[in-house]
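Engineer: Pasting data.cif below, which is mmCIF, C-alpha atoms and all ligand atoms.
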data_final
#
loop_
_atom_site.label_atom_id
_atom_site.label_comp_id
_atom_site.auth_asym_id
_atom_site.auth_seq_id
_atom_site.Cartn_x
_atom_site.Cartn_y
_atom_site.Cartn_z
CA MET A 225 -3.50 14.10 -18.10
CA SER A 226 -4.89 11.93 -20.81
CA GLY A 227 -3.72 12.03 -24.37
CA GLU A 228 -0.12 13.06 -23.85
CA ALA A 229 2.99 11.21 -22.77
CA LEU A 230 3.82 11.63 -19.12
CA SER A 231 7.35 12.12 -18.05
CA ILE A 232 7.76 11.51 -14.35
CA SER A 233 11.11 12.07 -12.77
CA ASN A 234 12.18 10.64 -9.51
CA GLN A 235 11.86 13.36 -6.85
CA THR A 236 13.83 11.68 -4.09
CA SER A 237 17.06 10.74 -5.75
CA GLY A 238 17.17 12.40 -9.16
CA PRO A 239 17.13 10.35 -12.37
CA PRO A 240 16.09 7.88 -13.75
CA THR A 241 13.34 9.49 -15.75
CA LEU A 242 10.63 7.32 -17.07
CA THR A 243 8.55 7.98 -20.13
CA LEU A 244 5.07 6.64 -19.84
CA ALA A 245 2.62 5.73 -22.55
CA PRO A 246 0.03 8.25 -23.72
CA LEU A 247 -3.02 6.20 -22.81
CA PRO A 248 -6.28 8.16 -22.85
CA GLY A 249 -8.23 8.01 -19.61
CA THR A 250 -5.32 6.78 -17.54
CA ARG A 251 -2.91 8.17 -15.01
CA ALA A 252 0.46 6.56 -14.47
CA ILE A 253 2.02 6.90 -11.06
CA PHE A 254 5.01 5.98 -9.07
CA SER A 255 5.82 7.79 -5.89
CA VAL A 256 9.17 6.35 -4.84
CA PRO A 257 12.33 5.47 -6.75
CA PRO A 258 11.13 2.66 -8.97
CA ARG A 259 14.54 1.08 -9.19
CA ARG A 260 17.73 1.44 -7.35
CA PRO A 261 20.27 3.25 -9.54
CA GLY A 262 22.04 0.87 -11.82
CA LEU A 263 19.51 -1.89 -11.55
CA PRO A 264 17.01 -1.69 -14.40
CA ALA A 265 13.94 -3.87 -14.24
CA ARG A 266 14.38 -7.01 -16.28
CA VAL A 267 10.86 -8.26 -15.69
CA LEU A 268 7.65 -6.29 -15.31
CA MET A 269 4.53 -8.17 -14.25
CA THR A 270 1.30 -6.34 -15.06
CA LEU A 271 -1.41 -6.89 -12.49
CA PRO A 272 -4.98 -5.87 -13.41
CA THR A 273 -6.98 -5.16 -10.27
CA TYR A 274 -10.57 -4.50 -9.42
CA ASN A 275 -11.49 -4.51 -5.74
CA GLU A 276 -8.42 -6.40 -4.59
CA SER A 277 -7.61 -4.29 -1.51
CA GLY A 278 -7.61 -7.41 0.68
CA ASN A 279 -5.14 -9.21 -1.55
CA ILE A 280 -2.86 -6.58 -3.00
CA ASP A 281 -0.30 -5.90 -0.23
CA GLY A 282 0.63 -9.50 0.37
CA LEU A 283 0.80 -10.18 -3.32
CA LEU A 284 3.07 -7.22 -4.09
CA SER A 285 5.47 -8.29 -1.33
CA ARG A 286 5.57 -11.83 -2.64
CA ILE A 287 6.15 -10.79 -6.26
CA ILE A 288 9.01 -8.38 -5.61
CA SER A 289 10.66 -10.88 -3.29
CA GLN A 290 11.07 -13.25 -6.25
CA GLY A 291 14.01 -11.23 -7.55
CA GLU A 292 15.61 -7.80 -7.38
CA ASP A 293 15.04 -7.28 -11.08
CA ILE A 294 11.30 -7.95 -10.94
CA GLY A 295 8.86 -5.04 -10.99
CA VAL A 296 5.07 -4.82 -10.88
CA LEU A 297 2.70 -2.58 -12.81
CA VAL A 298 -0.71 -2.53 -11.12
CA VAL A 299 -3.48 -1.59 -13.55
CA ASP A 300 -6.42 -0.50 -11.43
CA ASP A 301 -9.82 0.52 -12.75
CA HIS A 302 -10.67 3.00 -10.04
CA SER A 303 -11.69 0.23 -7.63
CA PRO A 304 -14.24 1.54 -5.14
CA ASP A 305 -12.61 -0.47 -2.32
CA GLY A 306 -9.48 1.70 -2.49
CA THR A 307 -7.09 -0.81 -4.06
CA SER A 308 -5.05 1.99 -5.64
CA ASP A 309 -4.67 3.75 -2.25
CA ARG A 310 -3.18 0.58 -0.88
CA VAL A 311 -0.77 0.41 -3.80
CA ARG A 312 0.30 4.01 -3.18
CA ALA A 313 0.78 3.26 0.52
CA PHE A 314 2.85 0.23 -0.39
CA GLN A 315 4.97 2.35 -2.70
CA LYS A 316 5.72 4.73 0.19
CA GLU A 317 6.62 2.08 2.72
CA HIS A 318 8.92 0.14 0.47
CA VAL A 319 11.54 1.38 -1.90
CA ALA A 320 9.76 -1.00 -4.12
CA HIS A 321 9.58 -1.84 -7.75
CA VAL A 322 5.97 -0.93 -7.99
CA TYR A 323 4.18 1.21 -10.56
CA LEU A 324 0.53 2.09 -10.77
CA LEU A 325 -1.54 2.74 -13.85
CA GLU A 326 -4.92 4.12 -12.85
CA ARG A 327 -7.58 3.86 -15.48
CA LEU A 328 -10.03 6.62 -14.71
CA ASP A 329 -12.62 6.43 -17.46
CA ASN A 330 -12.48 2.79 -18.42
CA LYS A 331 -13.36 -0.53 -17.00
CA GLY A 332 -12.82 -4.17 -17.85
CA ARG A 333 -10.27 -6.91 -17.38
CA GLY A 334 -9.55 -7.25 -21.10
CA PRO A 335 -8.76 -3.59 -21.87
CA ALA A 336 -6.92 -3.23 -18.55
CA GLY A 337 -4.60 -6.05 -19.58
CA ILE A 338 -4.03 -4.41 -22.96
CA ASP A 339 -3.23 -1.01 -21.39
CA GLY A 340 -0.85 -2.79 -19.03
CA TYR A 341 1.09 -4.32 -21.91
CA ILE A 342 1.19 -1.03 -23.84
CA GLN A 343 2.46 0.82 -20.78
CA ALA A 344 5.03 -1.87 -20.02
CA LEU A 345 6.31 -1.76 -23.62
CA HIS A 346 6.79 2.01 -23.31
CA MET A 347 8.81 1.44 -20.17
CA GLY A 348 11.39 -0.51 -22.14
CA VAL A 349 11.49 -3.66 -19.99
CA PRO A 350 12.82 -6.81 -21.73
CA LEU A 351 10.39 -9.33 -20.20
CA ILE A 352 6.73 -8.45 -19.69
CA GLY A 353 4.07 -10.60 -18.11
CA GLU A 354 0.66 -10.61 -16.49
CA MET A 355 -0.97 -12.36 -13.59
CA ASP A 356 -4.18 -12.14 -11.58
CA ALA A 357 -4.22 -10.24 -8.30
CA ASP A 358 -6.68 -12.47 -6.48
CA GLY A 359 -4.06 -14.91 -5.21
CA SER A 360 -4.85 -17.54 -7.86
CA HIS A 361 -1.41 -17.18 -9.40
CA ALA A 362 1.45 -17.81 -6.99
CA PRO A 363 4.43 -15.46 -7.38
CA GLU A 364 6.56 -18.39 -6.22
CA ASP A 365 5.89 -20.01 -9.63
CA LEU A 366 7.31 -17.00 -11.50
CA PRO A 367 10.97 -18.16 -11.44
CA THR A 368 9.93 -21.32 -13.32
CA LEU A 369 8.41 -19.23 -16.10
CA LEU A 370 11.43 -16.94 -16.24
CA TYR A 371 13.77 -19.91 -16.36
CA ALA A 372 11.95 -21.27 -19.43
CA ILE A 373 12.50 -17.94 -21.18
CA THR A 374 16.17 -17.63 -20.26
CA SER A 375 16.53 -21.17 -21.59
CA GLY A 376 15.55 -19.91 -25.03
CA MET A 377 11.76 -19.80 -25.26
CA GLY A 378 9.92 -16.69 -26.50
CA GLY A 379 7.63 -16.72 -23.52
CA ALA A 380 5.99 -18.95 -20.94
CA ILE A 381 2.46 -19.78 -19.83
CA GLY A 382 1.74 -20.78 -16.24
CA SER A 383 -0.35 -23.87 -16.82
CA ARG A 384 -2.75 -25.82 -14.63
CA LEU A 385 -3.10 -28.56 -17.19
CA VAL A 386 0.40 -29.87 -17.86
CA PRO A 387 1.98 -32.62 -15.73
CA GLY A 388 2.87 -31.10 -12.36
CA GLY A 389 0.22 -28.38 -12.71
CA ARG A 390 -2.44 -28.29 -10.00
CA GLU A 391 -5.66 -26.59 -8.97
CA GLU A 392 -6.62 -26.06 -5.37
CA GLY A 393 -9.89 -24.97 -3.82
CA ARG A 394 -11.85 -24.99 -7.05
CA THR A 395 -15.22 -26.59 -7.42
CA LEU A 396 -15.60 -29.50 -9.80
CA ALA A 397 -17.80 -27.27 -11.98
CA ARG A 398 -15.06 -24.62 -12.37
CA ARG A 399 -12.43 -27.27 -13.10
CA LEU A 400 -14.61 -28.82 -15.77
CA LEU A 401 -15.36 -25.40 -17.23
CA THR A 402 -11.64 -24.66 -17.61
CA ARG A 403 -11.09 -27.99 -19.35
CA ALA A 404 -14.11 -27.61 -21.61
CA ALA A 405 -13.07 -24.09 -22.63
CA ASN A 406 -9.58 -25.34 -23.47
CA LEU A 407 -10.90 -28.27 -25.50
CA TYR A 408 -13.10 -25.84 -27.43
CA ILE A 409 -10.22 -23.43 -28.05
CA ARG A 410 -7.96 -26.23 -29.25
CA ALA A 411 -10.66 -27.59 -31.54
CA ILE A 412 -11.26 -24.20 -33.15
CA LEU A 413 -7.83 -22.58 -33.14
CA ALA A 414 -5.48 -25.60 -33.00
CA LEU A 415 -3.18 -23.80 -30.57
CA PRO A 416 -0.70 -26.30 -29.12
CA TYR A 417 -1.34 -25.30 -25.51
CA ARG A 418 -3.31 -27.14 -22.85
CA ASP A 419 -4.09 -24.05 -20.79
CA ALA A 420 -4.78 -21.29 -23.30
CA THR A 421 -7.13 -19.70 -20.75
CA SER A 422 -4.40 -19.08 -18.21
CA GLY A 423 -3.83 -15.43 -17.42
CA TYR A 424 -0.39 -16.13 -15.97
CA ARG A 425 2.25 -15.56 -18.64
CA VAL A 426 5.50 -13.82 -19.50
CA PHE A 427 6.79 -12.79 -22.94
CA ARG A 428 9.97 -11.43 -24.41
CA ARG A 429 9.11 -7.88 -25.39
CA GLU A 430 9.80 -8.53 -29.09
CA LEU A 431 6.79 -10.83 -29.24
CA LEU A 432 4.55 -8.12 -27.82
CA GLU A 433 6.05 -5.36 -29.98
CA ALA A 434 4.79 -7.20 -33.06
CA ILE A 435 1.15 -6.95 -31.89
CA SER A 436 -1.08 -4.16 -33.25
CA TRP A 437 -2.77 -3.40 -29.96
CA ASP A 438 -5.35 -1.05 -31.42
CA GLN A 439 -6.53 -3.68 -33.88
CA LEU A 440 -7.37 -6.48 -31.48
CA GLU A 441 -10.86 -7.94 -31.71
CA SER A 442 -11.19 -8.71 -28.01
CA ARG A 443 -12.93 -6.51 -25.51
CA GLY A 444 -12.95 -9.14 -22.76
CA PRO A 445 -10.98 -12.08 -21.41
CA SER A 446 -10.64 -13.62 -24.88
CA VAL A 447 -7.70 -11.27 -25.37
CA LEU A 448 -5.70 -14.04 -23.70
CA GLN A 449 -6.32 -16.41 -26.61
CA GLU A 450 -6.04 -13.67 -29.22
CA ILE A 451 -2.52 -12.79 -28.04
CA LEU A 452 -1.49 -16.46 -28.02
CA LEU A 453 -2.76 -16.94 -31.56
CA ILE A 454 -1.02 -13.83 -32.92
CA VAL A 455 2.25 -14.78 -31.24
CA HIS A 456 1.96 -18.31 -32.60
CA GLN A 457 1.15 -17.16 -36.14
CA ASN A 458 4.25 -14.96 -35.92
CA GLY A 459 6.15 -18.21 -35.46
CA HIS A 460 7.02 -18.05 -31.76
CA ARG A 461 6.96 -20.92 -29.35
CA LEU A 462 5.94 -20.60 -25.70
CA ALA A 463 6.75 -22.96 -22.85
CA GLU A 464 3.91 -24.28 -20.72
CA CYS A 465 5.15 -24.46 -17.15
CA PRO A 466 3.26 -26.20 -14.35
CA ILE A 467 1.76 -23.93 -11.69
CA THR A 468 -0.42 -24.43 -8.65
CA PHE A 469 -3.59 -22.42 -9.19
CA ARG A 470 -5.63 -21.51 -6.12
CA ASP A 471 -9.15 -20.22 -6.33
CA ARG A 472 -9.54 -16.75 -4.90
CA VAL A 473 -10.16 -16.68 -1.13
CA LEU A 474 -10.98 -12.97 -0.69
CA GLY A 475 -13.21 -10.83 -2.91
CA GLN A 476 -15.40 -11.81 -5.81
CA SER A 477 -14.87 -13.13 -9.30
CA THR A 478 -16.00 -10.81 -12.09
CA LEU A 479 -16.53 -13.65 -14.55
CA SER A 480 -20.16 -13.76 -15.65
CA ARG A 481 -21.98 -16.21 -17.87
CA ARG A 482 -22.42 -13.51 -20.52
CA ILE A 483 -18.70 -12.74 -20.62
CA LEU A 484 -18.04 -16.46 -20.95
CA LEU A 485 -20.45 -16.93 -23.85
CA ASP A 486 -19.10 -13.84 -25.63
CA SER A 487 -15.60 -15.25 -25.27
CA LEU A 488 -16.61 -18.53 -26.89
CA ARG A 489 -18.20 -16.70 -29.81
CA ILE A 490 -15.21 -14.49 -30.43
CA ILE A 491 -12.88 -17.51 -30.73
CA LEU A 492 -14.59 -18.20 -34.07
CA THR A 493 -13.84 -14.63 -35.14
CA PHE A 494 -10.15 -15.19 -34.36
CA ARG A 495 -10.07 -18.19 -36.67
CA LYS A 496 -11.48 -16.08 -39.51
CA LYS A 497 -9.10 -13.18 -38.88
CA TYR A 498 -5.83 -14.98 -38.09
CA GLY A 499 -6.44 -18.52 -39.36
CA ARG A 500 -5.99 -21.77 -37.42
CA ALA A 501 -2.65 -22.11 -35.69
CA LYS A 502 -0.12 -23.44 -38.13
CA GLY A 503 2.99 -25.52 -37.52
CA GLY A 504 4.57 -25.84 -34.12
CA GLY A 505 6.07 -22.37 -33.85
CA THR A 506 9.81 -22.44 -34.23
CA ARG A 507 11.16 -19.00 -33.32
CA PRO A 508 12.17 -18.49 -29.73
N1 LIG A 601 -8.28 -3.49 -14.02
C1 LIG A 601 -9.27 -4.40 -13.93
N2 LIG A 601 -9.01 -5.61 -13.40
C2 LIG A 601 -10.02 -6.49 -13.31
C3 LIG A 601 -11.34 -6.22 -13.75
N3 LIG A 601 -12.12 -7.32 -13.50
C4 LIG A 601 -11.30 -8.23 -12.95
N4 LIG A 601 -10.04 -7.74 -12.80
C5 LIG A 601 -8.85 -8.40 -12.24
O1 LIG A 601 -8.52 -9.48 -13.10
C6 LIG A 601 -8.08 -10.58 -12.34
C7 LIG A 601 -8.95 -11.81 -12.59
O2 LIG A 601 -10.27 -11.48 -12.22
P1 LIG A 601 -11.30 -12.47 -11.49
O3 LIG A 601 -12.49 -11.67 -11.12
O4 LIG A 601 -10.59 -13.21 -10.39
O5 LIG A 601 -11.68 -13.44 -12.67
P2 LIG A 601 -11.59 -15.01 -12.70
O6 LIG A 601 -10.25 -15.38 -12.11
O7 LIG A 601 -11.71 -15.34 -14.13
O8 LIG A 601 -12.72 -15.48 -11.85
C8 LIG A 601 -8.06 -10.12 -10.89
O9 LIG A 601 -6.79 -9.64 -10.57
C9 LIG A 601 -9.09 -9.00 -10.88
O10 LIG A 601 -8.86 -8.05 -9.86
C10 LIG A 601 -11.59 -4.93 -14.31
O11 LIG A 601 -12.70 -4.58 -14.72
N5 LIG A 601 -10.52 -4.08 -14.38
MG MG A 602 -9.82 -15.20 -10.21
#
Translate the structure of the given file into structure tokens.
Structural biologist:
Amino acid sequence: MSGEALSISNQTSGPPTLTLAPLPGTRAIFSVPPRRPGLPARVLMTLPTYNESGNIDGLLSRIISQGEDIGVLVVDDHSPDGTSDRVRAFQKEHVAHVYLLERLDNKGRGPAGIDGYIQALHMGVPLIGEMDADGSHAPEDLPTLLYAITSGMGGAIGSRLVPGGREEGRTLARRLLTRAANLYIRAILALPYRDATSGYRVFRRELLEAISWDQLESRGPSVLQEILLIVHQNGHRLAECPITFRDRVLGQSTLSRRILLDSLRIILTFRKKYGRAKGGGTRP
């Protein structure tokens, strides 16, 4: 299945037909009508998952209840706890706006996020975002991000660190780590964002179309900053919208000290490759 574009047609009610991206080592799935006829997805949230079977059902329900034009693309790395089975079951029970990209040969949060964006771009959706599946990012905050974009911004970041933003259930050490990482990123890259480490964001597709996905430096979570820097250097401005971030309750974080140190190192590489952020970003 890898290496060629998949064309999956809707078995239950005829068209629409969806062309999916030719991503090696992945399998793209939807098992029920992804949209009701006449209602194309306006927003697609990509959701990288690894061992999120305890969180995924509730989260999918909450996301799709934020609006009829909101869809979800789960990007699962063959989680041993059966996360993708739960997604498939969810797809059957609900005539839902849920897609599944199963990555069979690969692993890692960074590349999963990249594959999610590439797939979403192929699906032709105007607004594309990402969020964590561990319950840290509340779907109820999504309308605020979307409102910022419909008001003229190129995209929006869900931020813990702007007025109104909050963190719940996090240890002091984790809160300090987030702030220290952001201070470091601002010092090196001069990005005008307080929460450049937030993985909750939505972009107009044009901003993402301008990214050369196969030429990114990042192999890990630093892809979050790399995308922000590229978008900024292309002259686009993003809104930072306050969110309430909750530390995961179920499951385990995959963030290790090594990943963290690698991410700090690679920020210096970004400065060499793309330069420090210039100007304020003026294009929507
Ligand atoms: N597809 C995929 N998702 C991952 C991987 N590692 C983590 N995730 C997902 O990425 C999101 C953030 O991961 P998490 O472990 O909570 O990291 P933290 O929030 O930085 O502690 C969650 O939705 C995870 O399920 C991975 O290797 N592959
Ligand atoms: Mg987390």
Engineer: Could I get the residue neighbourhood of ligand MG 602 (chain A) at 6 Å, counting all atoms listed in the file, as a PyMOL selection string?
Structural biologist: chain A and resi 358+360+472+477
Engineer: Report, in Å with one decimal, the straight-line distance from CA of Thr374 in chain A to CA of Leu283 in chain A.
Structural biologist: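 The value is 24.1 Å.
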Engineer: What gap, in Å, lies between CA of Val322 in chain A and CA of Gly353 in chain A?
Structural biologist: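 Computing the Euclidean distance for CA of Val322 in chain A and CA of Gly353 in chain A yields 14.1 Å.
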Engineer: Can you list every residue of chain A that has an atom at most 7 Å from ligand LIG 601 (chain A), with its nearest atom pair and the distance in Å to one decimal, using only C-alpha atoms and all ligand atoms, ordered by chain then number, as JSON lines?
Structural biologist:
{"residue": "A:Leu271", "atom": "CA", "partner": "A:LIG601", "partner_atom": "O9", "distance": 6.3}
{"residue": "A:Pro272", "atom": "CA", "partner": "A:LIG601", "partner_atom": "N2", "distance": 4.0}
{"residue": "A:Thr273", "atom": "CA", "partner": "A:LIG601", "partner_atom": "O10", "distance": 3.5}
{"residue": "A:Tyr274", "atom": "CA", "partner": "A:LIG601", "partner_atom": "O10", "distance": 4.0}
{"residue": "A:Asn275", "atom": "CA", "partner": "A:LIG601", "partner_atom": "O10", "distance": 6.0}
{"residue": "A:Glu276", "atom": "CA", "partner": "A:LIG601", "partner_atom": "O10", "distance": 5.5}
{"residue": "A:Val299", "atom": "CA", "partner": "A:LIG601", "partner_atom": "N1", "distance": 5.2}
{"residue": "A:Asp300", "atom": "CA", "partner": "A:LIG601", "partner_atom": "N1", "distance": 4.4}
{"residue": "A:Asp301", "atom": "CA", "partner": "A:LIG601", "partner_atom": "N1", "distance": 4.5}
{"residue": "A:Lys331", "atom": "CA", "partner": "A:LIG601", "partner_atom": "O11", "distance": 4.7}
{"residue": "A:Gly332", "atom": "CA", "partner": "A:LIG601", "partner_atom": "O11", "distance": 3.2}
{"residue": "A:Arg333", "atom": "CA", "partner": "A:LIG601", "partner_atom": "C3", "distance": 3.8}
{"residue": "A:Ala336", "atom": "CA", "partner": "A:LIG601", "partner_atom": "N1", "distance": 4.7}
{"residue": "A:Asp356", "atom": "CA", "partner": "A:LIG601", "partner_atom": "O9", "distance": 3.8}
{"residue": "A:Ala357", "atom": "CA", "partner": "A:LIG601", "partner_atom": "O9", "distance": 3.5}
{"residue": "A:Asp358", "atom": "CA", "partner": "A:LIG601", "partner_atom": "O9", "distance": 5.0}
{"residue": "A:Arg472", "atom": "CA", "partner": "A:LIG601", "partner_atom": "O4", "distance": 6.6}
{"residue": "A:Gln476", "atom": "CA", "partner": "A:LIG601", "partner_atom": "O3", "distance": 6.1}
{"residue": "A:Ser477", "atom": "CA", "partner": "A:LIG601", "partner_atom": "O3", "distance": 3.3}
{"residue": "A:Thr478", "atom": "CA", "partner": "A:LIG601", "partner_atom": "O3", "distance": 3.7}
{"residue": "A:Leu479", "atom": "CA", "partner": "A:LIG601", "partner_atom": "O8", "distance": 5.0}
Engineer: Would you mind exporting the chosen residues as a short mmCIF file (atom, residue, chain, number, x, y, z; two decimals), in the coordinates of the input, restricted to C-alpha atoms?
Structural biologist:
data_model
loop_
_atom_site.label_atom_id
_atom_site.label_comp_id
_atom_site.auth_asym_id
_atom_site.auth_seq_id
_atom_site.Cartn_x
_atom_site.Cartn_y
_atom_site.Cartn_z
CA LEU A 271 -1.41 -6.89 -12.49
CA PRO A 272 -4.98 -5.87 -13.41
CA THR A 273 -6.98 -5.16 -10.27
CA TYR A 274 -10.57 -4.50 -9.42
CA ASN A 275 -11.49 -4.51 -5.74
CA GLU A 276 -8.42 -6.40 -4.59
CA VAL A 299 -3.48 -1.59 -13.55
CA ASP A 300 -6.42 -0.50 -11.43
CA ASP A 301 -9.82 0.52 -12.75
CA LYS A 331 -13.36 -0.53 -17.00
CA GLY A 332 -12.82 -4.17 -17.85
CA ARG A 333 -10.27 -6.91 -17.38
CA ALA A 336 -6.92 -3.23 -18.55
CA ASP A 356 -4.18 -12.14 -11.58
CA ALA A 357 -4.22 -10.24 -8.30
CA ASP A 358 -6.68 -12.47 -6.48
CA ARG A 472 -9.54 -16.75 -4.90
CA GLN A 476 -15.40 -11.81 -5.81
CA SER A 477 -14.87 -13.13 -9.30
CA THR A 478 -16.00 -10.81 -12.09
CA LEU A 479 -16.53 -13.65 -14.55
#
Engineer: Looking at all atoms listed in the file, which of A:Leu484, A:Tyr341, A:Leu328, A:Thr307 is the one that sits closest to Asp438 in chain A?
Structural biologist: A:Tyr341
Engineer: What lies within 10 Å of Val267 in chain A using all atoms listed in the file, ignoring chain neighbours under 3 positions off, as an NGL selection string?
Structural biologist: :A and (264 or 270 or 291-296 or 344 or 349-353 or 370 or 426-429)
Engineer: Please report the interatomic distance between CA of Asn330 in chain A and CA of His302 in chain A in Å with one decimal.
Structural biologist: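 Separation of CA of Asn330 in chain A and CA of His302 in chain A: 8.6 Å.
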Engineer: Rank nothing, just name the residue among A:Ala404, A:Glu326, A:Leu366, A:Glu392 nearest to Ser303 in chain A, using all atoms listed in the file.
Structural biologist: A:Glu326
Engineer: Could you give me, as a PyMOL selection string, the residues within 9 Å of Gly359 in chain A, counting only C-alpha atoms and dropping anything in the same chain fewer than 5 positions from it?
Structural biologist: chain A and resi 279-280+283+469-474
Engineer: Between A:Ala372, A:Ala414, A:Ile483, A:Val386, which one has atoms that come closest to Pro445 in chain A, using all atoms listed in the file?
Structural biologist: A:Ile483
Engineer: With distances taken over all atoms listed in the file, which residue among A:Lys316, A:Arg425, A:His321, A:Arg310 lies nearest Ala265 in chain A?
Structural biologist: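 Looking at the shortest contact to Ala265 in chain A, the residue is A:His321.
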Engineer: Hey, what's within 8 Å of range 417-423 of chain A if we count only C-alpha atoms and toss same-chain stuff fewer than 3 positions away? As a PyMOL selection string, please?
Structural biologist: chain A and resi 354-356+381-386+402+405-406+409-410+448-449+452+464
Engineer: Excluding same-chain residues fewer than 5 positions from Thr493 in chain A, what lies within 10 Å of it counting only C-alpha atoms, as a ChimeraX atom specification?
Structural biologist: /A:441-442,450,488,498-499
